[in-house]
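File shown here: query_25.txt, holding compact mmCIF, N, CA and C atoms.
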# COMPACT_ATOMS: atom_id res chain seq x y z
N MET A 1 0.83 -1.16 0.00
CA MET A 1 0.00 0.00 0.00
C MET A 1 0.89 1.24 0.00
N LEU A 2 0.43 2.26 -0.74
CA LEU A 2 1.19 3.50 -0.84
C LEU A 2 0.91 4.40 0.35
N PRO A 3 1.93 5.13 0.80
CA PRO A 3 1.71 6.07 1.89
C PRO A 3 0.69 7.14 1.47
N SER A 4 -0.09 7.60 2.42
CA SER A 4 -1.17 8.56 2.13
C SER A 4 -0.63 9.87 1.55
N ARG A 5 0.55 10.23 1.96
CA ARG A 5 1.15 11.47 1.44
C ARG A 5 1.44 11.33 -0.05
N LEU A 6 1.92 10.20 -0.50
CA LEU A 6 2.21 9.94 -1.90
C LEU A 6 0.92 9.90 -2.71
N VAL A 7 -0.10 9.26 -2.17
CA VAL A 7 -1.40 9.19 -2.85
C VAL A 7 -1.96 10.60 -3.02
N SER A 8 -1.84 11.42 -2.02
CA SER A 8 -2.32 12.79 -2.07
C SER A 8 -1.60 13.58 -3.17
N ARG A 9 -0.28 13.40 -3.26
CA ARG A 9 0.50 14.10 -4.29
C ARG A 9 0.12 13.62 -5.69
N LEU A 10 -0.10 12.32 -5.85
CA LEU A 10 -0.50 11.78 -7.15
C LEU A 10 -1.85 12.33 -7.57
N ARG A 11 -2.79 12.42 -6.64
CA ARG A 11 -4.10 12.97 -6.96
C ARG A 11 -3.99 14.45 -7.37
N CYS A 12 -3.18 15.18 -6.66
CA CYS A 12 -2.98 16.59 -6.96
C CYS A 12 -2.33 16.76 -8.34
N ALA A 13 -1.33 15.95 -8.64
CA ALA A 13 -0.66 16.01 -9.95
C ALA A 13 -1.63 15.64 -11.06
N GLY A 14 -2.46 14.63 -10.83
CA GLY A 14 -3.46 14.24 -11.83
C GLY A 14 -4.47 15.34 -12.09
N ALA A 15 -4.95 15.96 -11.02
CA ALA A 15 -5.92 17.05 -11.17
C ALA A 15 -5.30 18.24 -11.89
N LEU A 16 -4.05 18.55 -11.54
CA LEU A 16 -3.34 19.65 -12.19
C LEU A 16 -3.15 19.37 -13.68
N SER A 17 -2.84 18.14 -14.03
CA SER A 17 -2.68 17.77 -15.44
C SER A 17 -3.96 17.97 -16.22
N ILE A 18 -5.08 17.58 -15.64
CA ILE A 18 -6.37 17.74 -16.30
C ILE A 18 -6.69 19.22 -16.50
N VAL A 19 -6.45 20.04 -15.48
CA VAL A 19 -6.70 21.47 -15.59
C VAL A 19 -5.83 22.08 -16.69
N CYS A 20 -4.57 21.68 -16.76
CA CYS A 20 -3.67 22.20 -17.80
C CYS A 20 -4.16 21.81 -19.19
N LEU A 21 -4.56 20.58 -19.38
CA LEU A 21 -5.07 20.15 -20.68
C LEU A 21 -6.32 20.91 -21.08
N LEU A 22 -7.21 21.16 -20.14
CA LEU A 22 -8.43 21.89 -20.44
C LEU A 22 -8.15 23.35 -20.75
N THR A 23 -7.19 23.91 -20.08
CA THR A 23 -6.85 25.32 -20.27
C THR A 23 -6.10 25.54 -21.57
N VAL A 24 -5.08 24.76 -21.82
CA VAL A 24 -4.24 24.92 -22.99
C VAL A 24 -4.88 24.32 -24.23
N GLY A 25 -5.55 23.22 -24.11
CA GLY A 25 -6.13 22.54 -25.26
C GLY A 25 -5.11 21.68 -25.95
N CYS A 26 -5.50 21.17 -27.06
CA CYS A 26 -4.62 20.26 -27.79
C CYS A 26 -4.04 20.89 -29.04
N GLY A 27 -4.21 22.21 -29.20
CA GLY A 27 -3.69 22.85 -30.41
C GLY A 27 -4.43 22.36 -31.63
N GLY A 28 -5.73 22.33 -31.57
CA GLY A 28 -6.57 21.79 -32.63
C GLY A 28 -6.45 22.55 -33.94
N SER A 29 -7.23 22.13 -34.93
CA SER A 29 -7.14 22.68 -36.27
C SER A 29 -7.53 24.15 -36.33
N ALA A 30 -8.32 24.64 -35.39
CA ALA A 30 -8.70 26.05 -35.41
C ALA A 30 -7.49 26.96 -35.19
N ASP A 31 -6.45 26.44 -34.53
CA ASP A 31 -5.24 27.22 -34.28
C ASP A 31 -4.21 27.07 -35.39
N LYS A 32 -4.41 26.14 -36.28
CA LYS A 32 -3.43 25.85 -37.31
C LYS A 32 -3.52 26.85 -38.46
N LYS A 33 -2.37 27.33 -38.89
CA LYS A 33 -2.33 28.23 -40.04
C LYS A 33 -2.38 27.42 -41.32
N ILE A 34 -2.94 28.03 -42.35
CA ILE A 34 -3.12 27.36 -43.63
C ILE A 34 -2.33 28.11 -44.69
N ALA A 35 -1.60 27.38 -45.53
CA ALA A 35 -0.92 27.98 -46.66
C ALA A 35 -1.99 28.46 -47.65
N VAL A 36 -1.81 29.67 -48.17
CA VAL A 36 -2.77 30.25 -49.10
C VAL A 36 -2.03 30.56 -50.40
N SER A 37 -2.67 30.26 -51.53
CA SER A 37 -2.03 30.52 -52.82
C SER A 37 -3.08 30.84 -53.86
N GLY A 38 -2.60 31.28 -55.03
CA GLY A 38 -3.52 31.57 -56.13
C GLY A 38 -2.87 32.48 -57.14
N SER A 39 -3.72 33.12 -57.94
CA SER A 39 -3.24 34.01 -58.98
C SER A 39 -3.91 35.37 -58.84
N ALA A 40 -3.30 36.38 -59.47
CA ALA A 40 -3.85 37.73 -59.44
C ALA A 40 -3.56 38.40 -60.78
N SER A 41 -4.62 38.90 -61.40
CA SER A 41 -4.47 39.59 -62.67
C SER A 41 -5.20 40.92 -62.62
N PHE A 42 -4.81 41.83 -63.50
CA PHE A 42 -5.46 43.14 -63.61
C PHE A 42 -5.74 43.39 -65.07
N ASP A 43 -7.01 43.60 -65.40
CA ASP A 43 -7.45 43.79 -66.79
C ASP A 43 -6.93 42.68 -67.70
N GLY A 44 -6.98 41.47 -67.20
CA GLY A 44 -6.62 40.30 -68.00
C GLY A 44 -5.14 39.97 -68.06
N GLU A 45 -4.30 40.81 -67.48
CA GLU A 45 -2.85 40.60 -67.50
C GLU A 45 -2.37 40.22 -66.10
N PRO A 46 -1.44 39.25 -65.99
CA PRO A 46 -0.92 38.90 -64.66
C PRO A 46 -0.27 40.11 -63.99
N ILE A 47 -0.48 40.25 -62.69
CA ILE A 47 0.20 41.30 -61.93
C ILE A 47 1.65 40.83 -61.77
N GLU A 48 2.57 41.57 -62.36
CA GLU A 48 3.97 41.13 -62.37
C GLU A 48 4.63 41.22 -61.01
N ASN A 49 4.44 42.32 -60.32
CA ASN A 49 5.03 42.52 -58.99
C ASN A 49 4.03 43.25 -58.12
N GLY A 50 3.66 42.64 -57.00
CA GLY A 50 2.68 43.26 -56.12
C GLY A 50 2.68 42.61 -54.76
N GLU A 51 1.70 42.98 -53.98
CA GLU A 51 1.55 42.44 -52.63
C GLU A 51 0.08 42.14 -52.38
N ILE A 52 -0.15 41.06 -51.66
CA ILE A 52 -1.51 40.67 -51.28
C ILE A 52 -1.55 40.50 -49.77
N GLU A 53 -2.62 41.01 -49.17
CA GLU A 53 -2.77 40.91 -47.72
C GLU A 53 -4.17 40.42 -47.39
N PHE A 54 -4.23 39.40 -46.55
CA PHE A 54 -5.48 38.86 -46.05
C PHE A 54 -5.65 39.37 -44.63
N LYS A 55 -6.66 40.22 -44.41
CA LYS A 55 -6.91 40.81 -43.09
C LYS A 55 -8.15 40.16 -42.49
N PRO A 56 -8.04 39.60 -41.28
CA PRO A 56 -9.21 38.97 -40.65
C PRO A 56 -10.35 39.99 -40.47
N THR A 57 -11.57 39.56 -40.76
CA THR A 57 -12.71 40.46 -40.57
C THR A 57 -13.13 40.52 -39.11
N GLU A 58 -12.73 39.52 -38.32
CA GLU A 58 -13.01 39.54 -36.88
C GLU A 58 -11.80 40.08 -36.15
N SER A 59 -12.04 40.80 -35.07
CA SER A 59 -10.93 41.39 -34.32
C SER A 59 -10.09 40.31 -33.65
N GLY A 60 -8.84 40.64 -33.45
CA GLY A 60 -7.94 39.74 -32.74
C GLY A 60 -7.10 38.86 -33.64
N GLY A 61 -7.42 38.77 -34.90
CA GLY A 61 -6.64 37.93 -35.80
C GLY A 61 -5.44 38.67 -36.35
N ARG A 62 -4.53 37.91 -36.96
CA ARG A 62 -3.34 38.50 -37.56
C ARG A 62 -3.44 38.39 -39.07
N PRO A 63 -3.01 39.42 -39.79
CA PRO A 63 -3.05 39.35 -41.25
C PRO A 63 -1.99 38.40 -41.79
N ALA A 64 -2.24 37.91 -42.99
CA ALA A 64 -1.27 37.09 -43.71
C ALA A 64 -0.90 37.87 -44.97
N VAL A 65 0.40 38.07 -45.21
CA VAL A 65 0.86 38.90 -46.31
C VAL A 65 1.78 38.10 -47.21
N GLY A 66 1.62 38.30 -48.53
CA GLY A 66 2.48 37.61 -49.48
C GLY A 66 2.83 38.51 -50.65
N THR A 67 3.78 38.05 -51.45
CA THR A 67 4.25 38.77 -52.62
C THR A 67 3.67 38.13 -53.88
N ILE A 68 3.23 38.97 -54.79
CA ILE A 68 2.75 38.50 -56.09
C ILE A 68 3.89 38.66 -57.08
N VAL A 69 4.25 37.58 -57.76
CA VAL A 69 5.30 37.62 -58.77
C VAL A 69 4.79 36.86 -60.00
N GLY A 70 4.81 37.53 -61.13
CA GLY A 70 4.36 36.89 -62.36
C GLY A 70 2.91 36.42 -62.30
N GLY A 71 2.09 37.14 -61.55
CA GLY A 71 0.68 36.80 -61.45
C GLY A 71 0.33 35.71 -60.46
N LYS A 72 1.32 35.22 -59.71
CA LYS A 72 1.09 34.14 -58.73
C LYS A 72 1.55 34.58 -57.35
N TYR A 73 0.88 34.03 -56.33
CA TYR A 73 1.32 34.26 -54.95
C TYR A 73 1.18 32.97 -54.17
N ARG A 74 1.99 32.85 -53.13
CA ARG A 74 1.90 31.71 -52.21
C ARG A 74 2.40 32.16 -50.85
N ILE A 75 1.56 31.99 -49.85
CA ILE A 75 1.93 32.31 -48.48
C ILE A 75 2.07 30.98 -47.76
N SER A 76 3.25 30.68 -47.26
CA SER A 76 3.50 29.39 -46.63
C SER A 76 2.67 29.20 -45.37
N GLU A 77 2.55 27.97 -44.93
CA GLU A 77 1.80 27.65 -43.72
C GLU A 77 2.34 28.42 -42.52
N GLN A 78 3.65 28.59 -42.46
CA GLN A 78 4.28 29.30 -41.34
C GLN A 78 3.74 30.73 -41.22
N PHE A 79 3.51 31.39 -42.36
CA PHE A 79 3.03 32.77 -42.35
C PHE A 79 1.59 32.88 -42.83
N GLY A 80 0.93 31.75 -43.00
CA GLY A 80 -0.42 31.69 -43.55
C GLY A 80 -1.49 32.24 -42.63
N ALA A 81 -2.72 31.88 -42.97
CA ALA A 81 -3.88 32.40 -42.26
C ALA A 81 -4.59 31.29 -41.50
N LYS A 82 -5.16 31.65 -40.37
CA LYS A 82 -6.00 30.72 -39.63
C LYS A 82 -7.35 30.65 -40.34
N PRO A 83 -8.08 29.57 -40.19
CA PRO A 83 -9.38 29.48 -40.84
C PRO A 83 -10.29 30.65 -40.43
N GLY A 84 -11.00 31.20 -41.42
CA GLY A 84 -11.91 32.31 -41.13
C GLY A 84 -12.18 33.16 -42.34
N ASN A 85 -12.87 34.28 -42.12
CA ASN A 85 -13.22 35.21 -43.18
C ASN A 85 -12.21 36.35 -43.20
N TYR A 86 -11.79 36.74 -44.41
CA TYR A 86 -10.76 37.77 -44.58
C TYR A 86 -11.16 38.77 -45.64
N SER A 87 -10.81 40.03 -45.43
CA SER A 87 -10.86 41.00 -46.51
C SER A 87 -9.48 40.95 -47.17
N VAL A 88 -9.46 41.18 -48.47
CA VAL A 88 -8.22 41.04 -49.23
C VAL A 88 -7.83 42.37 -49.84
N SER A 89 -6.57 42.73 -49.69
CA SER A 89 -6.03 43.96 -50.24
C SER A 89 -4.91 43.60 -51.21
N ILE A 90 -4.99 44.12 -52.43
CA ILE A 90 -3.97 43.86 -53.45
C ILE A 90 -3.41 45.18 -53.93
N THR A 91 -2.09 45.31 -53.90
CA THR A 91 -1.41 46.50 -54.39
C THR A 91 -0.33 46.09 -55.38
N ALA A 92 -0.03 47.01 -56.30
CA ALA A 92 1.04 46.77 -57.27
C ALA A 92 1.51 48.11 -57.81
N ARG A 93 2.77 48.19 -58.13
CA ARG A 93 3.35 49.42 -58.66
C ARG A 93 3.94 49.13 -60.04
N ARG A 94 3.91 50.15 -60.88
CA ARG A 94 4.54 50.03 -62.20
C ARG A 94 5.32 51.31 -62.50
N GLN A 95 6.31 51.17 -63.36
CA GLN A 95 7.18 52.28 -63.73
C GLN A 95 6.39 53.29 -64.56
N THR A 96 6.57 54.57 -64.25
CA THR A 96 5.91 55.61 -65.02
C THR A 96 6.89 56.42 -65.85
N GLU A 97 8.09 56.65 -65.34
CA GLU A 97 9.10 57.41 -66.08
C GLU A 97 10.46 57.24 -65.39
N VAL A 98 11.49 57.50 -66.14
CA VAL A 98 12.84 57.49 -65.57
C VAL A 98 13.28 58.93 -65.44
N GLN A 99 13.74 59.31 -64.27
CA GLN A 99 14.20 60.67 -64.05
C GLN A 99 15.72 60.68 -64.07
N GLY A 100 16.29 61.75 -64.53
CA GLY A 100 17.73 61.86 -64.40
C GLY A 100 18.46 62.43 -65.59
N PRO A 101 18.54 61.71 -66.71
CA PRO A 101 19.44 62.16 -67.77
C PRO A 101 19.21 63.60 -68.24
N GLY A 102 17.96 64.07 -68.35
CA GLY A 102 17.70 65.43 -68.82
C GLY A 102 17.64 66.47 -67.71
N ASN A 103 17.74 66.05 -66.47
CA ASN A 103 17.61 66.97 -65.35
C ASN A 103 18.85 66.87 -64.47
N PRO A 104 19.67 67.92 -64.42
CA PRO A 104 20.91 67.83 -63.63
C PRO A 104 20.68 67.69 -62.13
N TYR A 105 19.48 68.01 -61.63
CA TYR A 105 19.20 67.92 -60.21
C TYR A 105 18.56 66.60 -59.81
N ALA A 106 18.17 65.81 -60.77
CA ALA A 106 17.49 64.54 -60.48
C ALA A 106 18.50 63.40 -60.42
N THR A 107 18.13 62.38 -59.70
CA THR A 107 18.95 61.17 -59.67
C THR A 107 18.45 60.23 -60.76
N ASP A 108 19.11 59.14 -60.94
CA ASP A 108 18.69 58.15 -61.93
C ASP A 108 17.64 57.22 -61.32
N ALA A 109 16.68 57.79 -60.63
CA ALA A 109 15.64 57.01 -59.97
C ALA A 109 14.51 56.71 -60.94
N VAL A 110 13.82 55.63 -60.67
CA VAL A 110 12.67 55.24 -61.47
C VAL A 110 11.42 55.64 -60.70
N ALA A 111 10.54 56.39 -61.36
CA ALA A 111 9.28 56.78 -60.72
C ALA A 111 8.25 55.67 -60.94
N THR A 112 7.47 55.39 -59.92
CA THR A 112 6.45 54.35 -60.02
C THR A 112 5.11 54.89 -59.53
N GLU A 113 4.05 54.18 -59.88
CA GLU A 113 2.72 54.53 -59.40
C GLU A 113 1.99 53.27 -58.97
N GLN A 114 1.12 53.44 -58.00
CA GLN A 114 0.23 52.36 -57.57
C GLN A 114 -0.92 52.37 -58.57
N TYR A 115 -1.10 51.29 -59.33
CA TYR A 115 -2.09 51.31 -60.39
C TYR A 115 -3.34 50.45 -60.12
N ILE A 116 -3.37 49.73 -59.03
CA ILE A 116 -4.55 48.95 -58.68
C ILE A 116 -5.56 49.89 -58.02
N PRO A 117 -6.80 49.94 -58.47
CA PRO A 117 -7.80 50.87 -57.90
C PRO A 117 -8.04 50.63 -56.41
N PRO A 118 -8.42 51.69 -55.68
CA PRO A 118 -8.68 51.59 -54.24
C PRO A 118 -9.72 50.54 -53.85
N LYS A 119 -10.63 50.20 -54.75
CA LYS A 119 -11.66 49.20 -54.41
C LYS A 119 -11.05 47.82 -54.18
N TYR A 120 -9.75 47.66 -54.50
CA TYR A 120 -9.07 46.40 -54.26
C TYR A 120 -8.00 46.50 -53.16
N ASN A 121 -7.87 47.68 -52.52
CA ASN A 121 -6.88 47.81 -51.44
C ASN A 121 -7.40 48.74 -50.34
N ALA A 122 -7.23 50.05 -50.46
CA ALA A 122 -7.63 50.97 -49.38
C ALA A 122 -9.12 50.85 -49.05
N ASN A 123 -9.96 50.66 -50.06
CA ASN A 123 -11.41 50.52 -49.88
C ASN A 123 -11.87 49.16 -50.41
N THR A 124 -11.16 48.13 -50.04
CA THR A 124 -11.37 46.81 -50.65
C THR A 124 -12.80 46.29 -50.54
N THR A 125 -13.21 45.65 -51.61
CA THR A 125 -14.50 44.96 -51.65
C THR A 125 -14.29 43.45 -51.71
N LEU A 126 -13.02 43.04 -51.71
CA LEU A 126 -12.69 41.61 -51.84
C LEU A 126 -12.78 40.92 -50.49
N GLN A 127 -13.46 39.77 -50.45
CA GLN A 127 -13.53 38.96 -49.23
C GLN A 127 -13.45 37.49 -49.61
N VAL A 128 -12.80 36.70 -48.75
CA VAL A 128 -12.70 35.26 -48.96
C VAL A 128 -12.83 34.54 -47.62
N ASP A 129 -13.25 33.29 -47.71
CA ASP A 129 -13.22 32.39 -46.56
C ASP A 129 -12.04 31.46 -46.76
N ILE A 130 -11.21 31.35 -45.75
CA ILE A 130 -10.04 30.47 -45.81
C ILE A 130 -10.27 29.28 -44.90
N SER A 131 -10.07 28.11 -45.46
CA SER A 131 -10.16 26.86 -44.69
C SER A 131 -9.24 25.86 -45.36
N ALA A 132 -9.06 24.70 -44.75
CA ALA A 132 -8.22 23.67 -45.35
C ALA A 132 -8.78 23.26 -46.71
N ALA A 133 -10.10 23.31 -46.87
CA ALA A 133 -10.74 22.92 -48.13
C ALA A 133 -10.78 24.08 -49.13
N SER A 134 -10.50 25.29 -48.69
CA SER A 134 -10.58 26.47 -49.55
C SER A 134 -9.39 27.38 -49.30
N ALA A 135 -8.23 26.98 -49.82
CA ALA A 135 -6.99 27.74 -49.58
C ALA A 135 -6.40 28.30 -50.86
N VAL A 136 -7.04 28.07 -52.00
CA VAL A 136 -6.57 28.62 -53.27
C VAL A 136 -7.60 29.66 -53.72
N HIS A 137 -7.11 30.89 -53.90
CA HIS A 137 -8.01 31.98 -54.27
C HIS A 137 -7.38 32.77 -55.42
N ASP A 138 -8.11 32.86 -56.52
CA ASP A 138 -7.67 33.61 -57.70
C ASP A 138 -8.44 34.91 -57.77
N PHE A 139 -7.75 35.98 -58.17
CA PHE A 139 -8.36 37.30 -58.22
C PHE A 139 -8.16 37.90 -59.62
N GLN A 140 -9.27 38.17 -60.30
CA GLN A 140 -9.25 38.83 -61.61
C GLN A 140 -9.79 40.24 -61.42
N LEU A 141 -8.88 41.19 -61.28
CA LEU A 141 -9.24 42.58 -61.02
C LEU A 141 -9.43 43.33 -62.34
N VAL A 142 -10.34 44.30 -62.33
CA VAL A 142 -10.59 45.10 -63.53
C VAL A 142 -10.57 46.59 -63.18
N SER A 143 -10.16 47.42 -64.14
CA SER A 143 -10.08 48.85 -63.87
C SER A 143 -11.45 49.50 -63.91
N LYS A 144 -12.36 48.98 -64.70
CA LYS A 144 -13.73 49.53 -64.80
C LYS A 144 -14.71 48.59 -64.10
N ASP A 145 -15.82 49.17 -63.58
CA ASP A 145 -16.85 48.35 -62.93
C ASP A 145 -17.60 47.48 -63.90
Would you encode the structure as C-alpha cells?
Amino acid sequence: MLPSRLVSRLRCAGALSIVCLLTVGCGGSADKKIAVSGSASFDGEPIENGEIEFKPTESGGRPAVGTIVGGKYRISEQFGAKPGNYSVSITARRQTEVQGPGNPYATDAVATEQYIPPKYNANTTLQVDISAASAVHDFQLVSKD
C-alpha cells in the first residue's frame, strides 16, 4: 500500500494535469495556419510585382501577407492564415518614367505609381473564406466596374 502522502501528491498532480489540458487545449485545427495561394491579374494581365494581404474580418486575428510575382502568390503555412473570413487587399506598382538624364538635379531614380484601384486595397470589396478545403483563391481585377 502506498503512503497517504504519496497518494495525495499523485491525486494533486493528476488534477493539475487535467486542468492544464483543459486550459491549454490540444492545439486543434482552429489554431493551425493554412498555406494560401492563387493568382492575381489586372485587366486580364498577370500582376507582375505586387503584394496581397489577407486581413481577418473579426478582431484579434493577424493578417497574412504575401508577394505577387508573375501573377502568382503563395503564403507558406508558417506565415499563412487561420481558418476564417478575410478582406483582401492587393497593391502593385509600375514604372511611369525614368528621371535623371535630362535633369541635372534629379537622380537616376525610377518613378512608379500604384495602379490597382482603391476598391481592391484601401477601400477593398474583396472577401474570402479560408479553410483547409478552400486555400486557393484567384483574383481577376478590372479597372472599370
Who sits within 8 Å of segment 131-135 of chain A, only C-alpha atoms, same chain under 6 positions skipped, as an MDAnalysis selection string:
chainID A and resid 34:37 82:84
Same residues, N, CA and C atoms, output as a PDB file, in the coordinates of the input:
ATOM      1  N   ILE A  34      -2.940  28.030 -42.350  1.00  0.00           N
ATOM      2  CA  ILE A  34      -3.120  27.360 -43.630  1.00  0.00           C
ATOM      3  C   ILE A  34      -2.330  28.110 -44.690  1.00  0.00           C
ATOM      4  N   ALA A  35      -1.600  27.380 -45.530  1.00  0.00           N
ATOM      5  CA  ALA A  35      -0.920  27.980 -46.660  1.00  0.00           C
ATOM      6  C   ALA A  35      -1.990  28.460 -47.650  1.00  0.00           C
ATOM      7  N   VAL A  36      -1.810  29.670 -48.170  1.00  0.00           N
ATOM      8  CA  VAL A  36      -2.770  30.250 -49.100  1.00  0.00           C
ATOM      9  C   VAL A  36      -2.030  30.560 -50.400  1.00  0.00           C
ATOM     10  N   SER A  37      -2.670  30.260 -51.530  1.00  0.00           N
ATOM     11  CA  SER A  37      -2.030  30.520 -52.820  1.00  0.00           C
ATOM     12  C   SER A  37      -3.080  30.840 -53.860  1.00  0.00           C
ATOM     13  N   LYS A  82      -5.160  31.650 -40.370  1.00  0.00           N
ATOM     14  CA  LYS A  82      -6.000  30.720 -39.630  1.00  0.00           C
ATOM     15  C   LYS A  82      -7.350  30.650 -40.340  1.00  0.00           C
ATOM     16  N   PRO A  83      -8.080  29.570 -40.190  1.00  0.00           N
ATOM     17  CA  PRO A  83      -9.380  29.480 -40.840  1.00  0.00           C
ATOM     18  C   PRO A  83     -10.290  30.650 -40.430  1.00  0.00           C
ATOM     19  N   GLY A  84     -11.000  31.200 -41.420  1.00  0.00           N
ATOM     20  CA  GLY A  84     -11.910  32.310 -41.130  1.00  0.00           C
ATOM     21  C   GLY A  84     -12.180  33.160 -42.340  1.00  0.00           C
TER      22      GLY A  84
END
Who sits within 7 Å of Gly50 of chain A, only N, CA and C atoms, same chain under 6 positions skipped, as JSON, numbers by chain
{"A": [66, 67, 68, 69, 70, 90, 91, 92, 93]}
Per-residue DSSP, segment 27-140 of chain A, filtered to helix (DSSP H, G or I), as a PyMOL selection string:
chain A and resi 29-31+77-79+118-120
Given all atoms listed in the file as the basis, pick out the residue of A:Ser89, A:Asn123, A:Ser76, A:Asn49 nearest to Lys33 of chain A.
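Among the listed residues, A:Ser76 lies closest to Lys33 of chain A.
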So which one's closest to Glu53 of chain A, A:Thr96, A:Ser41, A:Ser87, A:Lys72? Using all atoms listed in the file, please.
A:Ser87
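The nearest approach to Tyr73 of chain A among the residues A:Gly38, A:Glu113, A:Val136, A:Thr125, with only C-alpha atoms taken into account, belongs to A:Gly38.
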